[in-house]
Amino acid sequence: MCRLFGLSSAPQRTHATFWLLDAPDSLSRQSHHDPDGTGLGYFSADGTPLVDKAPIAAYRDRAFAEKARQAESATFIAHVRYASTGSLDLRNTHPFEQDGRLFAHNGVIEGLDRLDDHLGEDRSLVNGDTDSERFFALITRETRRHNGDVTEGIRRAAEWIAANVPVYAINLILITPKELWALRYPDTHGLYVLERRAGGQHGSRHLDHTGTDGRLRVHSSHLAQCPAVVVASEPMDDNPHWRQMEPGELLHVGPDLRLTRQIILHDPPAHRLTLDDLHPEAAASQQAA
């Protein structure tokens, strides 16, 4: 399945190094499906969103993703994509940018014609073909309607999706220059949060997180000296304080690292999809190692 990763060290800007594909050896390459895209998003000192991404369509694109990506920001978002909708194309590769915010999603939303109708003229926010970017456009529209309140924008968009179109999962991470939001819904896929103190559980160590499949690795020596909040599709080290988010839980990390959480979706989707309901390509994207 797609891998999500978000990090906030706000208000401190942090140097971090990302390997979106952690150079697996040839045997690992033969035993795992190749992903369909990788991407990293962060912000410059003046708040400009920066996105570094590529579809994995050839060896040179895999080499792009295996190369260490060094960046400085108070917030980061990373995504390894297994395509469920949309072609293998840069415009369909996460993260997406709208209104100066960055977004990535793991899951499947169907009924896209109905979603397009609901978006109306705001469908123009969408450049690609994915369900993810359409969902982001709905969040952006609802955020605008609620005077820039991102929490309310996510709530309203997720409520509409859950009530009106078939849903397998809509796990997401959204960042601004100093804030981070994450949503897990429903209980299909895990999403984990770690409130990491400076130096981690041992009090003096840098951050060095690696997914179990070796797809995504993150290193930051700066986080030996400052705290951070990390959100990921799975626990990425042996810290015992990783917590799985509850189904329907919306997490917000403020500009001072203050963390708030609330259940915004109490009931299962009105039209809940199972793996057997999905088209073969979408089903494969939700099971890939």
# chains A, B, ... in the order shown; residues from 1 in each chain; ligands from 1

call {"tool": "closest_atom_pairs", "arguments": {"of": "range 133-183 of chain A", "to": "range 92-97 of chain A", "cutoff": "12 Å", "atoms": "only C-alpha atoms", "output": "tab-separated table"}}
result
residue	atom	partner	partner_atom	distance
A:Glu133	CA	A:Phe96	CA	6.8
A:Arg134	CA	A:Phe96	CA	10.3
A:Phe135	CA	A:Phe96	CA	10.8
A:Phe136	CA	A:Phe96	CA	8.1
A:Ala137	CA	A:Glu97	CA	9.7
A:Ile139	CA	A:Glu97	CA	11.9
A:Thr140	CA	A:Glu97	CA	10.1
A:Leu172	CA	A:Pro95	CA	10.5
A:Ile173	CA	A:Pro95	CA	9.4
A:Leu174	CA	A:Pro95	CA	9.1
A:Ile175	CA	A:Glu97	CA	9.8
A:Thr176	CA	A:Glu97	CA	10.1

call {"tool": "residues_around", "arguments": {"residues": "Glu110 in chain A", "least_positions_apart": "6", "cutoff": "9 Å", "atoms": "only C-alpha atoms", "output": "count of residues only"}}
result
6

call {"tool": "closest_residue", "arguments": {"among": "A:Glu121, A:Asp61, A:Asp256, A:Glu246", "to": "Thr75 in chain A", "atoms": "only C-alpha atoms"}}
result
A:Asp256

call {"tool": "atom_distance", "arguments": {"atom1": "CA of Met245 in chain A", "atom2": "CA of Ala224 in chain A"}}
result
25.2 Å

call {"tool": "closest_residue", "arguments": {"among": "A:Thr143, A:Ser204, A:Asn239, A:Thr38", "to": "Arg69 in chain A", "atoms": "only C-alpha atoms"}}
result
A:Thr38

call {"tool": "select_by_dssp", "arguments": {"residues": "range 33-219 of chain A", "states": "alpha helix (DSSP H)", "output": "JSON, numbers by chain"}}
result
{"A": [59, 60, 61, 62, 63, 64, 65, 66, 112, 113, 114, 115, 116, 117, 118, 119, 131, 132, 133, 134, 135, 136, 137, 138, 139, 140, 141, 142, 143, 144, 145, 150, 151, 152, 153, 154, 155, 156, 157, 158, 159, 160, 161, 162, 163, 164]}

call {"tool": "residues_around", "arguments": {"residues": "Asp237 in chain A", "least_positions_apart": "3", "cutoff": "9 Å", "atoms": "only C-alpha atoms", "output": "short mmCIF file (atom, residue, chain, number, x, y, z; two decimals) with all heavy atoms, in the first residue's frame"}}
result
data_model
loop_
_atom_site.label_atom_id
_atom_site.label_comp_id
_atom_site.auth_asym_id
_atom_site.auth_seq_id
_atom_site.Cartn_x
_atom_site.Cartn_y
_atom_site.Cartn_z
N ASP A 208 16.46 8.55 13.19
CA ASP A 208 16.81 7.68 12.07
C ASP A 208 15.70 6.65 11.94
O ASP A 208 15.70 5.63 12.62
CB ASP A 208 18.16 7.00 12.29
CG ASP A 208 18.72 6.41 11.00
OD1 ASP A 208 18.01 6.43 9.98
OD2 ASP A 208 19.87 5.96 11.02
N HIS A 209 14.72 6.94 11.10
CA HIS A 209 13.54 6.10 10.94
C HIS A 209 13.59 5.37 9.61
O HIS A 209 13.92 5.96 8.58
CB HIS A 209 12.27 6.97 10.97
CG HIS A 209 11.87 7.40 12.35
ND1 HIS A 209 10.81 8.25 12.57
CD2 HIS A 209 12.38 7.10 13.56
CE1 HIS A 209 10.69 8.45 13.88
NE2 HIS A 209 11.63 7.77 14.49
N THR A 210 13.25 4.09 9.64
CA THR A 210 13.19 3.29 8.42
C THR A 210 11.96 2.40 8.46
O THR A 210 11.70 1.74 9.47
CB THR A 210 14.44 2.40 8.28
OG1 THR A 210 15.60 3.22 8.31
CG2 THR A 210 14.40 1.64 6.96
N GLY A 211 11.19 2.37 7.37
CA GLY A 211 10.04 1.48 7.29
C GLY A 211 10.49 0.03 7.21
O GLY A 211 11.61 -0.28 6.81
N THR A 212 9.59 -0.87 7.59
CA THR A 212 9.94 -2.27 7.63
C THR A 212 10.30 -2.83 6.26
O THR A 212 11.05 -3.80 6.15
CB THR A 212 8.79 -3.11 8.21
OG1 THR A 212 7.60 -2.86 7.46
CG2 THR A 212 8.54 -2.74 9.66
N PRO A 240 8.87 2.90 22.08
CA PRO A 240 7.63 2.28 22.55
C PRO A 240 6.43 3.24 22.59
O PRO A 240 5.32 2.80 22.91
CB PRO A 240 7.98 1.81 23.96
CG PRO A 240 9.02 2.79 24.42
CD PRO A 240 9.84 3.10 23.19
N TRP A 242 5.06 5.01 20.06
CA TRP A 242 4.21 5.12 18.89
C TRP A 242 2.77 4.76 19.29
O TRP A 242 2.53 3.76 19.97
CB TRP A 242 4.67 4.17 17.79
CG TRP A 242 5.90 4.58 17.06
CD1 TRP A 242 7.18 4.16 17.31
CD2 TRP A 242 5.98 5.46 15.93
NE1 TRP A 242 8.05 4.73 16.41
CE2 TRP A 242 7.35 5.52 15.55
CE3 TRP A 242 5.04 6.18 15.21
CZ2 TRP A 242 7.78 6.29 14.47
CZ3 TRP A 242 5.47 6.96 14.13
CH2 TRP A 242 6.83 7.01 13.77
#

call {"tool": "residues_around", "arguments": {"residues": "range 178-192 of chain A", "least_positions_apart": "3", "cutoff": "8 Å", "atoms": "only C-alpha atoms", "output": "count of residues only"}}
result
38

call {"tool": "residues_around", "arguments": {"residues": "Leu138 in chain A", "least_positions_apart": "3", "cutoff": "8 Å", "atoms": "only C-alpha atoms", "output": "ChimeraX atom specification"}}
result
/A:119,122,134-135,141-142,157

call {"tool": "residues_around", "arguments": {"residues": "Ile56 in chain A", "least_positions_apart": "3", "cutoff": "7 Å", "atoms": "only C-alpha atoms", "output": "list in words"}}
result
Pro35, Asp36, Gly37, Asp61 and Arg62 of chain A

call {"tool": "select_by_dssp", "arguments": {"residues": "range 100-286 of chain A", "states": "strand (DSSP E)", "output": "compact mmCIF listing (two decimals) with all heavy atoms, in the first residue's frame"}}
result
# COMPACT_ATOMS: atom_id res chain seq x y z
N ARG A 101 -0.64 24.80 0.54
CA ARG A 101 -0.61 23.64 1.43
C ARG A 101 -0.20 22.40 0.65
O ARG A 101 -0.43 22.32 -0.55
CB ARG A 101 -1.99 23.41 2.08
CG ARG A 101 -2.55 24.63 2.78
CD ARG A 101 -3.93 24.34 3.40
NE ARG A 101 -4.54 25.59 3.84
CZ ARG A 101 -5.48 26.25 3.19
NH1 ARG A 101 -5.95 25.76 2.03
NH2 ARG A 101 -5.97 27.38 3.66
N LEU A 102 0.35 21.40 1.35
CA LEU A 102 0.80 20.16 0.73
C LEU A 102 0.03 18.99 1.33
O LEU A 102 -0.22 18.95 2.54
CB LEU A 102 2.30 19.97 0.92
CG LEU A 102 3.18 21.06 0.28
CD1 LEU A 102 4.64 20.84 0.65
CD2 LEU A 102 3.02 21.07 -1.23
N PHE A 103 -0.29 18.00 0.48
CA PHE A 103 -1.22 16.94 0.86
C PHE A 103 -0.80 15.61 0.24
O PHE A 103 -0.37 15.56 -0.91
CB PHE A 103 -2.61 17.34 0.35
CG PHE A 103 -3.68 16.28 0.44
CD1 PHE A 103 -4.51 16.22 1.55
CD2 PHE A 103 -3.89 15.38 -0.59
CE1 PHE A 103 -5.53 15.27 1.64
CE2 PHE A 103 -4.90 14.43 -0.52
CZ PHE A 103 -5.72 14.38 0.60
N ALA A 104 -0.97 14.53 1.00
CA ALA A 104 -0.80 13.17 0.48
C ALA A 104 -1.84 12.27 1.12
O ALA A 104 -2.30 12.51 2.25
CB ALA A 104 0.61 12.66 0.75
N HIS A 105 -2.19 11.21 0.41
CA HIS A 105 -3.34 10.38 0.79
C HIS A 105 -3.02 8.92 0.53
O HIS A 105 -2.31 8.57 -0.41
CB HIS A 105 -4.54 10.84 -0.07
CG HIS A 105 -5.69 9.89 -0.12
ND1 HIS A 105 -6.06 9.25 -1.30
CD2 HIS A 105 -6.57 9.47 0.81
CE1 HIS A 105 -7.12 8.50 -1.07
NE2 HIS A 105 -7.46 8.60 0.20
N ASN A 106 -3.57 8.05 1.38
CA ASN A 106 -3.46 6.61 1.19
C ASN A 106 -4.86 6.02 1.29
O ASN A 106 -5.50 6.09 2.35
CB ASN A 106 -2.56 5.98 2.25
CG ASN A 106 -2.51 4.46 2.15
OD1 ASN A 106 -2.75 3.90 1.08
ND2 ASN A 106 -2.22 3.81 3.26
N GLY A 107 -5.33 5.44 0.21
CA GLY A 107 -6.66 4.83 0.23
C GLY A 107 -7.28 4.82 -1.14
O GLY A 107 -6.62 5.07 -2.15
N VAL A 108 -8.57 4.54 -1.18
CA VAL A 108 -9.32 4.52 -2.44
C VAL A 108 -10.68 5.16 -2.19
O VAL A 108 -11.39 4.81 -1.24
CB VAL A 108 -9.51 3.09 -2.97
CG1 VAL A 108 -10.35 3.10 -4.25
CG2 VAL A 108 -8.16 2.42 -3.24
N ILE A 109 -11.03 6.11 -3.07
CA ILE A 109 -12.36 6.71 -3.10
C ILE A 109 -12.94 6.43 -4.49
O ILE A 109 -12.28 6.70 -5.50
CB ILE A 109 -12.30 8.23 -2.86
CG1 ILE A 109 -11.66 8.54 -1.51
CG2 ILE A 109 -13.68 8.86 -2.96
CD1 ILE A 109 -11.28 10.00 -1.34
N VAL A 167 -16.10 4.27 -0.21
CA VAL A 167 -14.82 4.55 0.43
C VAL A 167 -14.17 3.24 0.87
O VAL A 167 -14.81 2.41 1.53
CB VAL A 167 -15.01 5.46 1.66
CG1 VAL A 167 -13.71 5.56 2.46
CG2 VAL A 167 -15.46 6.85 1.24
N TYR A 168 -12.90 3.08 0.53
CA TYR A 168 -12.09 2.01 1.10
C TYR A 168 -11.26 2.57 2.25
O TYR A 168 -11.23 2.01 3.35
CB TYR A 168 -11.19 1.39 0.03
CG TYR A 168 -10.38 0.22 0.54
CD1 TYR A 168 -11.01 -0.99 0.82
CD2 TYR A 168 -9.01 0.31 0.71
CE1 TYR A 168 -10.28 -2.08 1.30
CE2 TYR A 168 -8.27 -0.76 1.18
CZ TYR A 168 -8.91 -1.96 1.48
OH TYR A 168 -8.20 -3.03 1.95
N ALA A 169 -10.57 3.70 2.02
CA ALA A 169 -9.82 4.38 3.08
C ALA A 169 -9.52 5.79 2.62
O ALA A 169 -9.39 6.05 1.41
CB ALA A 169 -8.52 3.64 3.40
N ILE A 170 -9.40 6.73 3.58
CA ILE A 170 -9.03 8.11 3.24
C ILE A 170 -7.97 8.65 4.23
O ILE A 170 -8.04 9.80 4.65
CB ILE A 170 -10.25 9.06 3.17
CG1 ILE A 170 -11.07 9.04 4.46
CG2 ILE A 170 -11.11 8.72 1.97
CD1 ILE A 170 -12.14 10.14 4.51
N ASN A 171 -7.02 7.82 4.60
CA ASN A 171 -5.93 8.32 5.45
C ASN A 171 -5.20 9.45 4.73
O ASN A 171 -4.91 9.35 3.53
CB ASN A 171 -4.94 7.22 5.77
CG ASN A 171 -5.49 6.20 6.75
OD1 ASN A 171 -6.67 6.20 7.07
ND2 ASN A 171 -4.63 5.30 7.21
N LEU A 172 -4.87 10.51 5.47
CA LEU A 172 -4.22 11.66 4.84
C LEU A 172 -3.25 12.33 5.79
O LEU A 172 -3.36 12.21 7.02
CB LEU A 172 -5.26 12.67 4.35
CG LEU A 172 -6.07 13.44 5.41
CD1 LEU A 172 -5.37 14.70 5.91
CD2 LEU A 172 -7.44 13.80 4.87
N ILE A 173 -2.31 13.07 5.20
CA ILE A 173 -1.46 14.04 5.91
C ILE A 173 -1.49 15.32 5.10
O ILE A 173 -1.39 15.30 3.87
CB ILE A 173 -0.02 13.54 6.09
CG1 ILE A 173 0.00 12.30 6.99
CG2 ILE A 173 0.86 14.64 6.69
CD1 ILE A 173 1.39 11.66 7.13
N LEU A 174 -1.64 16.45 5.80
CA LEU A 174 -1.65 17.78 5.18
C LEU A 174 -0.75 18.69 6.01
O LEU A 174 -0.81 18.66 7.24
CB LEU A 174 -3.08 18.32 5.13
CG LEU A 174 -3.34 19.63 4.37
CD1 LEU A 174 -4.81 19.68 3.91
CD2 LEU A 174 -3.04 20.86 5.22
N ILE A 175 0.10 19.48 5.33
CA ILE A 175 1.00 20.38 6.05
C ILE A 175 0.95 21.80 5.48
O ILE A 175 0.67 22.01 4.31
CB ILE A 175 2.47 19.89 6.06
CG1 ILE A 175 3.04 19.78 4.64
CG2 ILE A 175 2.60 18.58 6.82
CD1 ILE A 175 4.55 19.50 4.60
N LEU A 180 0.61 20.75 10.94
CA LEU A 180 0.42 19.43 10.33
C LEU A 180 -0.92 18.88 10.79
O LEU A 180 -1.30 19.01 11.96
CB LEU A 180 1.55 18.49 10.74
CG LEU A 180 1.52 17.04 10.21
CD1 LEU A 180 2.95 16.51 10.06
CD2 LEU A 180 0.73 16.10 11.13
N TRP A 181 -1.65 18.26 9.86
CA TRP A 181 -2.89 17.55 10.15
C TRP A 181 -2.77 16.11 9.62
O TRP A 181 -2.12 15.88 8.60
CB TRP A 181 -4.08 18.20 9.46
CG TRP A 181 -4.52 19.52 10.02
CD1 TRP A 181 -5.55 19.76 10.88
CD2 TRP A 181 -3.95 20.80 9.73
NE1 TRP A 181 -5.65 21.10 11.15
CE2 TRP A 181 -4.68 21.77 10.45
CE3 TRP A 181 -2.88 21.24 8.93
CZ2 TRP A 181 -4.39 23.13 10.41
CZ3 TRP A 181 -2.58 22.58 8.88
CH2 TRP A 181 -3.33 23.52 9.61
N ALA A 182 -3.41 15.18 10.32
CA ALA A 182 -3.48 13.80 9.85
C ALA A 182 -4.85 13.24 10.19
O ALA A 182 -5.40 13.52 11.26
CB ALA A 182 -2.39 12.95 10.49
N LEU A 183 -5.39 12.43 9.30
CA LEU A 183 -6.68 11.78 9.50
C LEU A 183 -6.55 10.30 9.19
O LEU A 183 -5.98 9.93 8.16
CB LEU A 183 -7.75 12.40 8.58
CG LEU A 183 -9.11 11.70 8.55
CD1 LEU A 183 -9.83 11.82 9.89
CD2 LEU A 183 -9.98 12.27 7.42
N ARG A 184 -7.08 9.47 10.08
CA ARG A 184 -7.21 8.04 9.81
C ARG A 184 -8.69 7.70 9.72
O ARG A 184 -9.45 7.96 10.66
CB ARG A 184 -6.56 7.20 10.91
CG ARG A 184 -6.66 5.70 10.64
CD ARG A 184 -6.23 4.86 11.80
NE ARG A 184 -6.39 3.44 11.50
CZ ARG A 184 -6.65 2.50 12.42
NH1 ARG A 184 -6.76 2.80 13.70
NH2 ARG A 184 -6.80 1.24 12.04
N TYR A 192 0.06 6.03 12.46
CA TYR A 192 0.68 6.08 13.78
C TYR A 192 1.29 7.45 14.04
O TYR A 192 1.79 8.11 13.12
CB TYR A 192 1.77 5.01 13.90
CG TYR A 192 1.25 3.60 13.82
CD1 TYR A 192 0.96 3.01 12.59
CD2 TYR A 192 1.03 2.85 14.98
CE1 TYR A 192 0.46 1.71 12.53
CE2 TYR A 192 0.54 1.56 14.92
CZ TYR A 192 0.26 0.99 13.69
OH TYR A 192 -0.23 -0.29 13.62
N VAL A 193 1.30 7.86 15.32
CA VAL A 193 1.87 9.14 15.70
C VAL A 193 2.85 8.93 16.84
O VAL A 193 2.63 8.10 17.74
CB VAL A 193 0.77 10.15 16.10
CG1 VAL A 193 -0.09 9.63 17.25
CG2 VAL A 193 1.36 11.49 16.45
N LEU A 194 3.95 9.66 16.77
CA LEU A 194 4.98 9.63 17.81
C LEU A 194 5.28 11.05 18.24
O LEU A 194 5.70 11.87 17.43
CB LEU A 194 6.25 8.96 17.29
CG LEU A 194 7.47 9.00 18.23
CD1 LEU A 194 7.21 8.19 19.50
CD2 LEU A 194 8.72 8.47 17.51
N GLU A 195 5.05 11.35 19.52
CA GLU A 195 5.49 12.62 20.10
C GLU A 195 6.90 12.40 20.62
O GLU A 195 7.10 11.84 21.70
CB GLU A 195 4.54 13.05 21.21
CG GLU A 195 3.13 13.32 20.74
CD GLU A 195 2.20 13.71 21.86
OE1 GLU A 195 2.34 14.83 22.40
OE2 GLU A 195 1.33 12.89 22.22
N ARG A 196 7.86 12.81 19.81
CA ARG A 196 9.26 12.48 20.08
C ARG A 196 9.96 13.63 20.81
O ARG A 196 10.05 14.73 20.29
CB ARG A 196 9.99 12.20 18.75
CG ARG A 196 11.40 11.66 18.90
CD ARG A 196 12.05 11.48 17.52
NE ARG A 196 13.30 10.77 17.59
CZ ARG A 196 14.48 11.33 17.83
NH1 ARG A 196 14.56 12.64 18.01
NH2 ARG A 196 15.58 10.61 17.87
N LEU A 207 17.33 11.42 14.92
CA LEU A 207 16.23 10.64 14.37
C LEU A 207 16.76 9.83 13.19
O LEU A 207 17.44 10.36 12.32
CB LEU A 207 15.10 11.56 13.92
CG LEU A 207 13.87 10.89 13.29
CD1 LEU A 207 12.59 11.61 13.71
CD2 LEU A 207 13.96 10.87 11.76
N ASP A 208 16.46 8.55 13.19
CA ASP A 208 16.81 7.68 12.07
C ASP A 208 15.70 6.65 11.94
O ASP A 208 15.70 5.63 12.62
CB ASP A 208 18.16 7.00 12.29
CG ASP A 208 18.72 6.41 11.00
OD1 ASP A 208 18.01 6.43 9.98
OD2 ASP A 208 19.87 5.96 11.02
N HIS A 209 14.72 6.94 11.10
CA HIS A 209 13.54 6.10 10.94
C HIS A 209 13.59 5.37 9.61
O HIS A 209 13.92 5.96 8.58
CB HIS A 209 12.27 6.97 10.97
CG HIS A 209 11.87 7.40 12.35
ND1 HIS A 209 10.81 8.25 12.57
CD2 HIS A 209 12.38 7.10 13.56
CE1 HIS A 209 10.69 8.45 13.88
NE2 HIS A 209 11.63 7.77 14.49
N THR A 210 13.25 4.09 9.64
CA THR A 210 13.19 3.29 8.42
C THR A 210 11.96 2.40 8.46
O THR A 210 11.70 1.74 9.47
CB THR A 210 14.44 2.40 8.28
OG1 THR A 210 15.60 3.22 8.31
CG2 THR A 210 14.40 1.64 6.96
N ARG A 217 13.24 6.02 4.30
CA ARG A 217 14.13 6.24 5.43
C ARG A 217 14.30 7.74 5.63
O ARG A 217 14.39 8.50 4.66
CB ARG A 217 15.50 5.60 5.18
CG ARG A 217 16.47 5.79 6.35
CD ARG A 217 17.83 5.22 6.03
NE ARG A 217 18.79 5.57 7.06
CZ ARG A 217 20.12 5.53 6.91
NH1 ARG A 217 20.63 5.14 5.75
NH2 ARG A 217 20.91 5.87 7.90
N VAL A 218 14.33 8.15 6.89
CA VAL A 218 14.47 9.56 7.24
C VAL A 218 15.52 9.69 8.33
O VAL A 218 15.50 8.94 9.31
CB VAL A 218 13.13 10.15 7.76
CG1 VAL A 218 13.26 11.65 7.97
CG2 VAL A 218 11.99 9.82 6.83
N HIS A 219 16.43 10.65 8.15
CA HIS A 219 17.50 10.88 9.13
C HIS A 219 17.57 12.38 9.43
O HIS A 219 17.51 13.21 8.52
CB HIS A 219 18.85 10.41 8.58
CG HIS A 219 20.00 10.65 9.51
ND1 HIS A 219 20.43 9.71 10.41
CD2 HIS A 219 20.80 11.74 9.69
CE1 HIS A 219 21.46 10.21 11.10
NE2 HIS A 219 21.70 11.44 10.68
N SER A 220 17.69 12.72 10.72
CA SER A 220 17.87 14.12 11.10
C SER A 220 18.72 14.19 12.36
O SER A 220 18.28 13.81 13.44
CB SER A 220 16.54 14.82 11.35
OG SER A 220 16.75 16.14 11.83
N ALA A 228 9.95 16.73 18.20
CA ALA A 228 9.21 16.66 16.95
C ALA A 228 8.00 15.77 17.14
O ALA A 228 7.91 14.99 18.10
CB ALA A 228 10.10 16.10 15.84
N VAL A 229 7.05 15.90 16.23
CA VAL A 229 5.93 14.97 16.12
C VAL A 229 6.02 14.30 14.76
O VAL A 229 6.21 14.97 13.74
CB VAL A 229 4.57 15.68 16.28
CG1 VAL A 229 3.43 14.69 16.05
CG2 VAL A 229 4.46 16.33 17.65
N VAL A 230 5.93 12.98 14.75
CA VAL A 230 6.05 12.19 13.53
C VAL A 230 4.76 11.41 13.31
O VAL A 230 4.21 10.84 14.26
CB VAL A 230 7.24 11.22 13.61
CG1 VAL A 230 7.39 10.44 12.31
CG2 VAL A 230 8.53 11.95 13.96
N VAL A 231 4.27 11.39 12.08
CA VAL A 231 3.11 10.59 11.70
C VAL A 231 3.54 9.68 10.55
O VAL A 231 4.19 10.14 9.61
CB VAL A 231 1.92 11.47 11.26
CG1 VAL A 231 0.73 10.59 10.86
CG2 VAL A 231 1.52 12.43 12.37
N ALA A 232 3.19 8.40 10.62
CA ALA A 232 3.63 7.47 9.58
C ALA A 232 2.65 6.31 9.46
O ALA A 232 1.88 6.02 10.38
CB ALA A 232 5.03 6.94 9.89
N ARG A 243 1.81 5.55 18.82
CA ARG A 243 0.40 5.30 19.12
C ARG A 243 -0.38 5.22 17.82
O ARG A 243 -0.27 6.10 16.97
CB ARG A 243 -0.18 6.43 19.99
CG ARG A 243 -1.67 6.26 20.31
CD ARG A 243 -2.22 7.47 21.05
NE ARG A 243 -2.28 8.66 20.22
CZ ARG A 243 -3.27 8.95 19.37
NH1 ARG A 243 -4.28 8.11 19.21
NH2 ARG A 243 -3.25 10.07 18.67
N GLN A 244 -1.17 4.17 17.67
CA GLN A 244 -2.02 4.09 16.49
C GLN A 244 -3.21 5.02 16.67
O GLN A 244 -3.90 4.99 17.69
CB GLN A 244 -2.50 2.67 16.23
CG GLN A 244 -3.40 2.57 15.00
CD GLN A 244 -3.55 1.17 14.46
OE1 GLN A 244 -3.30 0.93 13.28
NE2 GLN A 244 -3.95 0.24 15.29
N GLU A 249 -10.16 9.60 13.67
CA GLU A 249 -9.42 10.61 14.45
C GLU A 249 -8.71 11.61 13.54
O GLU A 249 -7.98 11.22 12.62
CB GLU A 249 -8.40 9.93 15.35
CG GLU A 249 -7.57 10.91 16.19
CD GLU A 249 -6.54 10.22 17.05
OE1 GLU A 249 -6.68 9.01 17.33
OE2 GLU A 249 -5.57 10.90 17.45
N LEU A 250 -8.90 12.89 13.83
CA LEU A 250 -8.18 13.96 13.17
C LEU A 250 -7.18 14.53 14.16
O LEU A 250 -7.54 14.97 15.25
CB LEU A 250 -9.14 15.06 12.70
CG LEU A 250 -8.50 16.29 12.06
CD1 LEU A 250 -7.73 15.92 10.79
CD2 LEU A 250 -9.54 17.36 11.77
N LEU A 251 -5.93 14.53 13.76
CA LEU A 251 -4.83 15.01 14.58
C LEU A 251 -4.35 16.35 14.03
O LEU A 251 -4.23 16.51 12.81
CB LEU A 251 -3.68 14.00 14.52
CG LEU A 251 -2.38 14.33 15.25
CD1 LEU A 251 -2.52 14.02 16.72
CD2 LEU A 251 -1.23 13.51 14.66
N HIS A 252 -4.08 17.30 14.91
CA HIS A 252 -3.53 18.59 14.51
C HIS A 252 -2.31 18.88 15.36
O HIS A 252 -2.37 18.82 16.60
CB HIS A 252 -4.56 19.71 14.68
CG HIS A 252 -4.02 21.07 14.41
ND1 HIS A 252 -4.23 22.16 15.24
CD2 HIS A 252 -3.23 21.54 13.40
CE1 HIS A 252 -3.62 23.23 14.76
NE2 HIS A 252 -3.01 22.87 13.64
N VAL A 253 -1.21 19.21 14.70
CA VAL A 253 0.02 19.63 15.38
C VAL A 253 0.20 21.12 15.10
O VAL A 253 0.39 21.52 13.95
CB VAL A 253 1.25 18.84 14.89
CG1 VAL A 253 2.49 19.24 15.69
CG2 VAL A 253 0.99 17.34 15.00
N LEU A 259 -0.27 19.36 20.40
CA LEU A 259 -1.01 18.34 19.67
C LEU A 259 -2.44 18.26 20.19
O LEU A 259 -2.67 18.17 21.40
CB LEU A 259 -0.29 16.99 19.84
CG LEU A 259 -0.74 15.82 18.96
CD1 LEU A 259 0.45 14.89 18.70
CD2 LEU A 259 -1.83 15.04 19.66
N THR A 260 -3.40 18.32 19.28
CA THR A 260 -4.80 18.13 19.63
C THR A 260 -5.37 17.05 18.74
O THR A 260 -4.94 16.87 17.59
CB THR A 260 -5.62 19.42 19.47
OG1 THR A 260 -5.52 19.88 18.11
CG2 THR A 260 -5.11 20.51 20.40
N ARG A 261 -6.34 16.32 19.25
CA ARG A 261 -6.97 15.27 18.46
C ARG A 261 -8.44 15.18 18.81
O ARG A 261 -8.86 15.44 19.94
CB ARG A 261 -6.26 13.94 18.65
CG ARG A 261 -6.11 13.46 20.07
CD ARG A 261 -5.33 12.16 20.10
NE ARG A 261 -5.23 11.59 21.44
CZ ARG A 261 -4.17 11.69 22.21
NH1 ARG A 261 -3.10 12.34 21.78
NH2 ARG A 261 -4.15 11.13 23.40
N GLN A 262 -9.22 14.80 17.81
CA GLN A 262 -10.66 14.66 17.99
C GLN A 262 -11.19 13.63 17.01
O GLN A 262 -10.63 13.45 15.92
CB GLN A 262 -11.36 16.00 17.78
CG GLN A 262 -11.08 16.63 16.43
CD GLN A 262 -11.70 18.02 16.28
OE1 GLN A 262 -12.90 18.19 16.45
NE2 GLN A 262 -10.88 19.00 15.94
N ILE A 263 -12.24 12.94 17.39
CA ILE A 263 -12.92 12.02 16.49
C ILE A 263 -13.92 12.84 15.69
O ILE A 263 -14.86 13.42 16.25
CB ILE A 263 -13.63 10.89 17.25
CG1 ILE A 263 -12.64 10.11 18.13
CG2 ILE A 263 -14.32 9.95 16.25
CD1 ILE A 263 -11.55 9.39 17.38

call {"tool": "residues_around", "arguments": {"residues": "range 76-78 of chain A", "least_positions_apart": "5", "cutoff": "6 Å", "atoms": "only C-alpha atoms", "output": "JSON, numbers by chain"}}
result
{"A": [5, 6, 7, 39, 40, 41, 42]}

call {"tool": "write_last_selection", "arguments": {"atoms": "N, CA, C and O atoms", "output": "short mmCIF file (atom, residue, chain, number, x, y, z; two decimals), in the first residue's frame"}}
result
data_model
loop_
_atom_site.label_atom_id
_atom_site.label_comp_id
_atom_site.auth_asym_id
_atom_site.auth_seq_id
_atom_site.Cartn_x
_atom_site.Cartn_y
_atom_site.Cartn_z
N PHE A 5 4.22 9.71 5.35
CA PHE A 5 5.10 10.16 6.42
C PHE A 5 4.97 11.67 6.56
O PHE A 5 4.98 12.40 5.56
N GLY A 6 4.82 12.13 7.78
CA GLY A 6 4.80 13.56 8.06
C GLY A 6 5.62 13.85 9.30
O GLY A 6 5.67 13.03 10.23
N LEU A 7 6.24 15.02 9.33
CA LEU A 7 7.07 15.40 10.47
C LEU A 7 6.92 16.89 10.72
O LEU A 7 6.93 17.69 9.77
N GLY A 39 7.50 11.05 -3.56
CA GLY A 39 7.51 12.50 -3.47
C GLY A 39 7.82 12.99 -2.07
O GLY A 39 7.51 12.34 -1.07
N LEU A 40 8.44 14.15 -2.02
CA LEU A 40 8.80 14.83 -0.78
C LEU A 40 8.34 16.27 -0.87
O LEU A 40 8.57 16.94 -1.89
N GLY A 41 7.67 16.77 0.18
CA GLY A 41 7.23 18.15 0.21
C GLY A 41 7.69 18.83 1.49
O GLY A 41 7.72 18.22 2.56
N TYR A 42 8.02 20.12 1.37
CA TYR A 42 8.49 20.90 2.52
C TYR A 42 8.37 22.37 2.15
O TYR A 42 7.80 22.71 1.10
#

call {"tool": "closest_residue", "arguments": {"among": "A:Val150, A:Leu223, A:Ala163, A:Ala63", "to": "Ala270 in chain A", "atoms": "only C-alpha atoms"}}
result
A:Ala163

call {"tool": "atom_distance", "arguments": {"atom1": "CA of Asn147 in chain A", "atom2": "CA of Thr48 in chain A"}}
result
20.6 Å
